[in-house]
Protein chains: 4
Amino acid sequence: MKVAVVGATGYGSAELIRILHRHPYADLTQLISSSTAGGELKEVFPHLSHLSQPLEVWDGEALAEEVEAVFFAAPAGISSRLAPPLAERGVRVIDLAGDFRLEGEEYRKWYGAEPPAHPWLERAVYGLSEWSAPAIRQAELIANPGCYPTATLLALLPLLQAGSIADGPVTVDAKSGISGAGRGLKRTSLFAEVNENMFPYQVGVHRHTPEIEGHAARIGGRETQVIFIPQIVPMSRGILVTLYAPAAAGWTGARVTEMVKEVYREAPFVRVRDQGAWPRTKDVQGSNFCDIGFHVDERTGMLVGMAAIDNLVKGAAGQAVQNLNLRMGWPETAGLDLLPQYP
Amino acid sequence: MKVAVVGATGYGSAELIRILHRHPYADLTQLISSSTAGGELKEVFPHLSHLSQPLEVWDGEALAEEVEAVFFAAPAGISSRLAPPLAERGVRVIDLAGDFRLEGEEYRKWYGAEPPAHPWLERAVYGLSEWSAPAIRQAELIANPGCYPTATLLALLPLLQAGSIADGPVTVDAKSGISGAGRGLKRTSLFAEVNENMFPYQVGVHRHTPEIEGHAARIGGRETQVIFIPQIVPMSRGILVTLYAPAAAGWTGARVTEMVKEVYREAPFVRVRDQGAWPRTKDVQGSNFCDIGFHVDERTGMLVGMAAIDNLVKGAAGQAVQNLNLRMGWPETAGLDLLPQYP
Amino acid sequence: MKVAVVGATGYGSAELIRILHRHPYADLTQLISSSTAGGELKEVFPHLSHLSQPLEVWDGEALAEEVEAVFFAAPAGISSRLAPPLAERGVRVIDLAGDFRLEGEEYRKWYGAEPPAHPWLERAVYGLSEWSAPAIRQAELIANPGCYPTATLLALLPLLQAGSIADGPVTVDAKSGISGAGRGLKRTSLFAEVNENMFPYQVGVHRHTPEIEGHAARIGGRETQVIFIPQIVPMSRGILVTLYAPAAAGWTGARVTEMVKEVYREAPFVRVRDQGAWPRTKDVQGSNFCDIGFHVDERTGMLVGMAAIDNLVKGAAGQAVQNLNLRMGWPETAGLDLLPQYP
Amino acid sequence: MKVAVVGATGYGSAELIRILHRHPYADLTQLISSSTAGGELKEVFPHLSHLSQPLEVWDGEALAEEVEAVFFAAPAGISSRLAPPLAERGVRVIDLAGDFRLEGEEYRKWYGAEPPAHPWLERAVYGLSEWSAPAIRQAELIANPGCYPTATLLALLPLLQAGSIADGPVTVDAKSGISGAGRGLKRTSLFAEVNENMFPYQVGVHRHTPEIEGHAARIGGRETQVIFIPQIVPMSRGILVTLYAPAAAGWTGARVTEMVKEVYREAPFVRVRDQGAWPRTKDVQGSNFCDIGFHVDERTGMLVGMAAIDNLVKGAAGQAVQNLNLRMGWPETAGLDLLPQYP
């Protein structure tokens with residue numbers, strides 16, 4: 001099956017190319033990049049110099065003729081405009097940007113812009129693969145989750161569903177490598193500024209906050225407030241999320257771990273760690289795994305959840321392909337049976 | 001004034017040497033290292049090859065004759081044995097290990113060993129310079145605070161004292177560079193294991209937990225439970241602590257910031273960040289500064305405190321020298337007027 | 001076809017597992033590790049926790065019954081003892097250590113030990129895939145090349161063969177990430193020692209020196225002296241080799257580049273860079289590619305060759321699998337069609 | 001004595017500020033930055049937030065009135081215009097850019113621009129402190145050496161002078177951390193591009209080539225051709241230069257080392273390493289040291305020189321202050337008695 005990637009020059013796109021390259025059913029035939037159209041992929045990504053792949057200009061009509069699925073890996077605001085016409089013509093769309101992840105009101109508030117027009121915002125399916133598979137299988141347009149929300153929700157949703165945490169705000173302390181900030185030129189992305197540095201950013205205003213809250217409520221079935229503090233650490237890839245909430249009565253670390261193992265018994269990409277063997281980002285590097293673990297602190301009664309993903313794989317391109325697999329009825333792991341690269 | 005360092009081959013000791021090298025009043029004349037006695041400093045630290053400094057064996061009698069102050073930078077369990085006899089002879093002792101930081105019962109529980117013998121555990125002064133200066137000025141034996149507790153308490157104590165946070169456990173999410181783990185040979189300290197990796201460790205059992213709780217209560221005047229989760233990030237130096245607690249009524253980020261600025265108005269090493277300009281570890285690298293900042297999230301009512309230090313300076317050797325300065329009546333900044341190294 | 005790995009706990013072994021996991025014809029059924037036999041793979045490599053794979057003790061008899069090929073990823077000195085009996089029973093052996101790479105006299109001199117016994121040292125085939133494919137296809141025992149020699153020889157051999165460089169010693173300035181030093185506990189492998197550091201090591205005595213010289217002569221057909229200086233740089237993976245020799249008359253950078261492109265026209269894993277687009281280690285990370293490029297400096301008449309590989313892939317596990325593919329008559333790229341991981 | 005820095009927002013300038021902050025005789029009173037004039041230093045460098053220092057616009061007249069020395073830390077092309085008028089009025093000028101380092105013809109060829117006007121190019125003194133102290137003491141305008149030439153020449157000049165190497169081109173393989181590329185926004189300076197990466201750049205065209213050659217000839221007294229290949233490694237600070245040339249008859253590593261030790265016997269910032277203890281960049285980090293070492297390879301007859309500096313200190317700001325010290329007749333080490341920061 002032929003597929004295309006729109007916005008072909010970022011890191012998420014490089015990962016889509018890497019994964020689709022070995023996909024048994026999907027064939028990446030078109031790379032669309034308005035900014036560099038007319039050029040070749042290898043000018044943008046010398047690591048792919050052995051591939052002869054032109055970067056093409058956007059032509060929605062032609063695209064709808066030629067491919068059956070399109071990944072949008074473009075900045076916010078592009079897919080809300082370009083994706084609906086494709087979806088209307090039956091092309092499966094998977095959007096890696098945030099355009100279709102929030103409800104209209106929340107979008108306006110956190111993005112400071114108009115959300116995608118009716119009815120596509122409503123018809124888009126939030127593609128958290130492990131939790132929305134039935135809807136994803138029918139979806140016309142899939143809103144691929146953000147990197148932080150993926151890690152956070154995979155740890156948080158079982159707790160909400162099982163009632164393992166008491167009411168009240170959940171604290172989400174999140175740390176990410178810098179590739180999540182993209183390939184754009186910013187002083188805060190320079191090597192000499194990031195190396196040997198750690199710092200919080202977008203404190204209280206990060207757009208992944210309402211994404212976590214919204215889908216925690218929708219999927220987890222419980223209104224949940226989240227205080228979300230993202231922090232940059234000096235690595236290229238990897239997210240570690242540590243979440244904190246008061247444990248509900250009767251929940252020990254072992255019991256939570258057992259419960260969550262049961263929840264993900266059939267999930268090929270979620271590995272639940274035993275007590276004492278906590279998630280590490282290097283254990284998932286380059287792979288679609290999400291490693292999670294749980295501790296209940298007896299002294300304080302706090303439940304601590306930890307989740308590690310590769311932000312560019314399970315947090316972006318990997319989950320996007322997983323969603324395509326679900327959508328097409330292919331094996332969920334097709335093209336994604338990558339072991340982590342270690343070290 | 002002549003001073004000595006006991007345990008001269010670790011990273012904390014390298015920092016003591018670096019700082020004392022330019023100290024106007026203290027003269028580092030003796031380096032004691034049982035494991036490498038008979039050798040020379042440059043064999044352990046080639047970066048100091050231009051200094052001709054022998055590493056000597058421990059001789060408490062001789063030491064008490066020759067120097068007026070001794071820094072213990074040895075592993076836990078050494079100073080509890082060796083320091084009291086020195087202190088009894090009037091030598092000022094500053095202990096960078098944890099031996100004298102906890103009360104006896106807590107020590108037994110968290111260290112799994114017998115605490116230092118009566119009466120020196122009681123007579124030791126916890127050397128959080130900004131909060132215990134009067135006691136430090138009289139101290140016979142100073143227990144230099146741990147790296148995590150230093151960063152945590154400098155942000156937390158003003159909140160406790162001013163009543164800016166509601167009752168209940170405080171969440172302390174802490175991230176550290178690997179030098180805090182020392183120079184010993186462990187697989188988890190290897191470059192290829194730490195690089196491009198982040199991971200929690202000693203979840204629920206880290207010895208800095210009771211240190212934070214104990215001194216939060218003693219200095220802050222309020223019993224406080226702490227859930228403390230330390231995490232390693234791929235850098236050599238630097239600690240970033242992010243703490244979370246429900247804000248008490250009426251406290252905005254701006255008000256907290258003003259209050260804390262007032263608390264530290266005279267403190268030469270604490271820089272309180274304005275709203276939106278959050279602490280970064282690189283801003284304090286190589287210096288004795290602790291940068292702190294505060295956010296109150298209006299949606300959730302949570303107060304977020306952030307603190308950044310260089311774990312080897314303000315978190316170890318720098319604060320130790322600051323304490324010596326206080327003890328001797330020298331200017332607090334003597335030898336410590338180091339600007340951060342950037343980048 | 002069933003294969004085994006002996007020495008299963010190092011980084012090279014982790015890469016063998018990663019690559020063989022997706023190999024279409026080889027099935028990794030046995031992991032031998034004397035030091036941790038009785039344990040499970042996931043205790044050594046938590047990143048593979050979803051695999052249930054026991055670590056077994058060495059039993060040459062049983063092994064020869066059960067598998068058709070064995071990779072030795074053990075330290076020097078193991079395979080010289082254990083591999084010959086396997087090879088004698090018809091098991092294909094690929095040795096990633098240095099035991100079978102040198103002639104006896106050279107081995108004695110550089111390893112300070114006795115070389116493998118007659119006749120297996122002579123019967124071993126040096127597995128530089130691109131240059132020895134015919135011999136590899138018949139080999140009983142393949143000596144997989146070292147990481148530095150792989151990068152160096154792939155750039156150097158075409159120059160020797162074509163006569164592009166004048167007589168005289170070739171300067172090989174080599175830089176490597178630390179994973180090449182293995183997973184053993186050494187102070188010089190600690191994160192805090194390697195990070196923000198660069199340093200030469202084993203100056204003049206590195207065992208890859210005679211390996212490069214020997215095979216430059218044997219394959220390249222010209223006695224060549226090499227001054228080889230290895231240096232550690234702060235990265236986990238990656239080797240960059242820069243070699244220098246006076247250009248022979250008439251050779252420009254463009255002409256050398258054209259010539260080398262022709263040499264490797266059919267080689268799926270060697271990418272020859274155009275003038276001005278030099279090899280970078282990140283462009284080959286996680287893949288079996290070797291990127292090479294050439295500059296002839298008109299002012300000085302010096303020819304500069306540059307080669308980049310991932311030391312654990314093309315420099316170890318990847319080339320080992322490439323050699324197995326050649327040996328078995330499978331497509332050379334089987335299991336190795338991995339795009340580089342970027343960034 | 002009052003001094004000023006022109007071009008106050010780069011990394012070299014941050015180091016000048018750090019060093020001058022503790023200088024016993026020089027007082028940094030003015031920071032000139034055209035691009036950010038009207039702002040404050042802390043907006044550009046939050047690590048200096050406790051200093052209240054305005055960034056001022058260039059006013060040559062006023063400057064000449066107020067200060068006695070000016071450091072130019074601006075991009076190429078600024079000082080050639082602004083420095084001569086200051087120097088004419090008796091202000092000591094130290095230029096950290098390349099404007100005054102080459103002869104006119106070479107400047108035209110390598111910079112592709114007109115060199116500074118007569119007679120200041122001729123009157124400028126090349127400030128390699130250890131080799132030109134007498135001229136520096138009289139200089140009106142000091143051209144502070146480039147980072148690569150500093151490391152290279154300190155190792156190379158004794159060899160040329162003593163005749164330890166044979167005629168013919170010298171190979172200079174140089175590796176640098178990314179701070180040498182400045183704080184400007186370039187894709188090749190992004191963390192995710194530099195981390196886990198090594199790559200050559202400006203192969204054959206780097207402007208430090210003629211700087212090395214020119215001053216090797218002028219100071220070393222022997223025309224010397226240099227093939228110079230710079231390479232980026234993933235670190236913030238540090239340069240390691242490895243140079244190669246055929247040894248002249250009779251020179252062993254030990255003899256070269258002794259000879260060079262004698263050359264630098266009185267030099268406070270050059271540390272000559274013994275055989276087997278090679279220079280490492282971490283050993284000089286944050287300090288003004290240059291560590292050098294020498295190996296003569298008996299097999300090949302090649303002499304290998306290795307030199308490590310912190311590119312921002314001995315390679316820029318530190319040597320600039322060293323030159324000011326020489327110029328003013330102050331102790332050469334004033335303000336520069338900084339021990340390396342380790343780790």
# chains A, B, ... in the order shown; residues from 1 in each chain; ligands from 1
$ select_by_dssp --residues "segment 117-325 of chain B" --states "alpha helix (DSSP H)" --output "ChimeraX atom specification"
/B:120-123,129-138,147-162,191-194,208-220,253-263,318-325
$ interface_residues --of "chain C" --to "chain A" --cutoff "7 Å" --atoms "only C-alpha atoms" --output "CSV table (one decimal) with N, CA, C and O atoms, in the first residue's frame"
chain,number,residue,atom,x,y,z
C,14,ALA,N,24.9,-7.5,22.5
C,14,ALA,CA,23.6,-6.8,22.4
C,14,ALA,C,23.2,-6.5,21.0
C,14,ALA,O,22.1,-6.6,20.6
C,18,ARG,N,20.2,-7.7,18.6
C,18,ARG,CA,19.3,-6.8,17.9
C,18,ARG,C,19.2,-7.1,16.4
C,18,ARG,O,18.1,-7.1,15.9
C,46,PRO,N,18.3,-5.1,30.7
C,46,PRO,CA,16.9,-4.8,30.9
C,46,PRO,C,16.2,-4.3,29.7
C,46,PRO,O,15.0,-4.4,29.6
C,47,HIS,N,16.9,-3.9,28.7
C,47,HIS,CA,16.2,-3.4,27.5
C,47,HIS,C,15.6,-4.5,26.7
C,47,HIS,O,14.8,-4.3,25.8
C,236,SER,N,28.9,7.4,22.8
C,236,SER,CA,28.7,5.9,23.1
C,236,SER,C,29.2,5.1,21.9
C,236,SER,O,29.9,4.2,22.0
C,283,ASP,N,25.6,9.8,10.7
C,283,ASP,CA,25.0,9.4,9.5
C,283,ASP,C,25.0,7.8,9.4
C,283,ASP,O,24.3,7.3,8.5
C,284,VAL,N,25.8,7.2,10.2
C,284,VAL,CA,25.8,5.7,10.1
C,284,VAL,C,25.3,5.0,11.4
C,284,VAL,O,25.3,3.8,11.5
C,339,LEU,N,18.1,1.3,8.4
C,339,LEU,CA,18.5,2.7,8.2
C,339,LEU,C,19.2,3.3,9.5
C,339,LEU,O,18.8,2.9,10.6
C,340,PRO,N,20.1,4.2,9.3
C,340,PRO,CA,20.7,4.8,10.5
C,340,PRO,C,19.6,5.5,11.3
C,340,PRO,O,18.6,6.0,10.8
C,342,TYR,N,18.5,8.5,13.3
C,342,TYR,CA,18.8,9.9,13.3
C,342,TYR,C,17.8,10.8,13.9
C,342,TYR,O,16.6,10.7,13.5
C,343,PRO,N,18.0,11.6,14.8
C,343,PRO,CA,19.3,12.0,15.4
C,343,PRO,C,19.7,11.0,16.5
C,343,PRO,O,18.8,10.3,17.0
$ residues_around --residues "segment 33-35 of chain A" --least-positions-apart "3" --cutoff "6 Å" --atoms "only C-alpha atoms" --output "PyMOL selection string"
chain A and resi 7-8+55-57
$ residues_around --residues "Pro84 of chain A" --least-positions-apart "3" --cutoff "9 Å" --atoms "only C-alpha atoms" --output "PyMOL selection string"
chain A and resi 79-81+87-89+93+116-117+120+141
$ write_last_selection --atoms "N, CA, C and O atoms" --output "CSV table (one decimal), in the first residue's frame"
chain,number,residue,atom,x,y,z
A,79,SER,N,-1.9,20.7,9.2
A,79,SER,CA,-2.8,19.6,8.9
A,79,SER,C,-4.3,20.0,9.1
A,79,SER,O,-5.2,19.4,8.4
A,80,SER,N,-4.6,20.9,10.0
A,80,SER,CA,-6.0,21.3,10.1
A,80,SER,C,-6.5,21.9,8.8
A,80,SER,O,-7.7,21.8,8.6
A,81,ARG,N,-5.7,22.4,8.0
A,81,ARG,CA,-6.1,22.9,6.7
A,81,ARG,C,-6.1,21.8,5.6
A,81,ARG,O,-7.0,21.7,4.8
A,87,ALA,N,-9.0,13.4,3.8
A,87,ALA,CA,-9.9,12.4,4.5
A,87,ALA,C,-11.2,12.3,3.9
A,87,ALA,O,-11.8,11.2,3.8
A,88,GLU,N,-11.7,13.4,3.4
A,88,GLU,CA,-13.0,13.3,2.7
A,88,GLU,C,-13.0,12.4,1.4
A,88,GLU,O,-14.0,11.9,1.0
A,89,ARG,N,-11.8,12.3,0.8
A,89,ARG,CA,-11.7,11.5,-0.4
A,89,ARG,C,-11.3,10.1,0.0
A,89,ARG,O,-10.9,9.3,-0.9
A,93,VAL,N,-5.7,9.4,7.2
A,93,VAL,CA,-4.8,10.5,7.6
A,93,VAL,C,-4.4,10.2,9.1
A,93,VAL,O,-5.2,9.9,9.9
A,116,PRO,N,-9.5,23.3,14.0
A,116,PRO,CA,-10.0,22.8,12.7
A,116,PRO,C,-11.5,22.9,12.6
A,116,PRO,O,-12.2,22.8,13.6
A,117,ALA,N,-11.9,23.1,11.4
A,117,ALA,CA,-13.4,23.4,11.2
A,117,ALA,C,-14.2,22.1,11.4
A,117,ALA,O,-13.7,21.0,11.2
A,120,TRP,N,-14.5,17.9,11.3
A,120,TRP,CA,-13.4,17.0,11.4
A,120,TRP,C,-12.7,16.9,12.8
A,120,TRP,O,-12.2,15.9,13.2
A,141,LEU,N,-9.6,9.9,10.3
A,141,LEU,CA,-8.5,10.8,10.6
A,141,LEU,C,-8.0,10.5,12.1
A,141,LEU,O,-8.9,10.5,13.0
$ residues_around --residues "Tyr25 of chain C" --least-positions-apart "3" --cutoff "10 Å" --atoms "only C-alpha atoms" --output "ChimeraX atom specification"
/C:1-2,20,22,28,325,328,330,334-335
$ write_last_selection --atoms "N, CA and C atoms" --output "compact mmCIF listing (two decimals), in the first residue's frame"
# COMPACT_ATOMS: atom_id res chain seq x y z
N MET C 1 17.90 -21.34 10.18
CA MET C 1 19.13 -21.94 10.66
C MET C 1 19.45 -21.47 12.08
N LYS C 2 19.78 -22.38 12.93
CA LYS C 2 20.04 -22.03 14.32
C LYS C 2 21.47 -21.54 14.53
N LEU C 20 20.09 -10.01 14.75
CA LEU C 20 19.59 -11.35 14.43
C LEU C 20 18.09 -11.48 14.71
N ARG C 22 15.78 -9.73 13.74
CA ARG C 22 14.98 -9.53 12.53
C ARG C 22 15.58 -10.23 11.32
N LEU C 28 18.54 -17.01 16.39
CA LEU C 28 19.46 -17.04 17.53
C LEU C 28 18.82 -17.85 18.66
N ASN C 325 26.08 -14.02 6.24
CA ASN C 325 25.29 -14.00 5.01
C ASN C 325 26.12 -14.47 3.81
N MET C 328 26.82 -18.20 3.99
CA MET C 328 25.68 -19.09 3.74
C MET C 328 25.08 -18.90 2.36
N TRP C 330 23.39 -16.35 1.49
CA TRP C 330 22.18 -15.52 1.60
C TRP C 330 22.47 -14.15 0.99
N ALA C 334 20.85 -9.38 4.19
CA ALA C 334 19.80 -10.00 5.01
C ALA C 334 19.95 -9.61 6.48
N GLY C 335 18.89 -9.09 7.05
CA GLY C 335 18.91 -8.68 8.45
C GLY C 335 19.63 -7.37 8.70
$ atom_distance --atom1 "atom CA of Tyr107 of chain B" --atom2 "atom CA of Ala64 of chain B"
27.8 Å
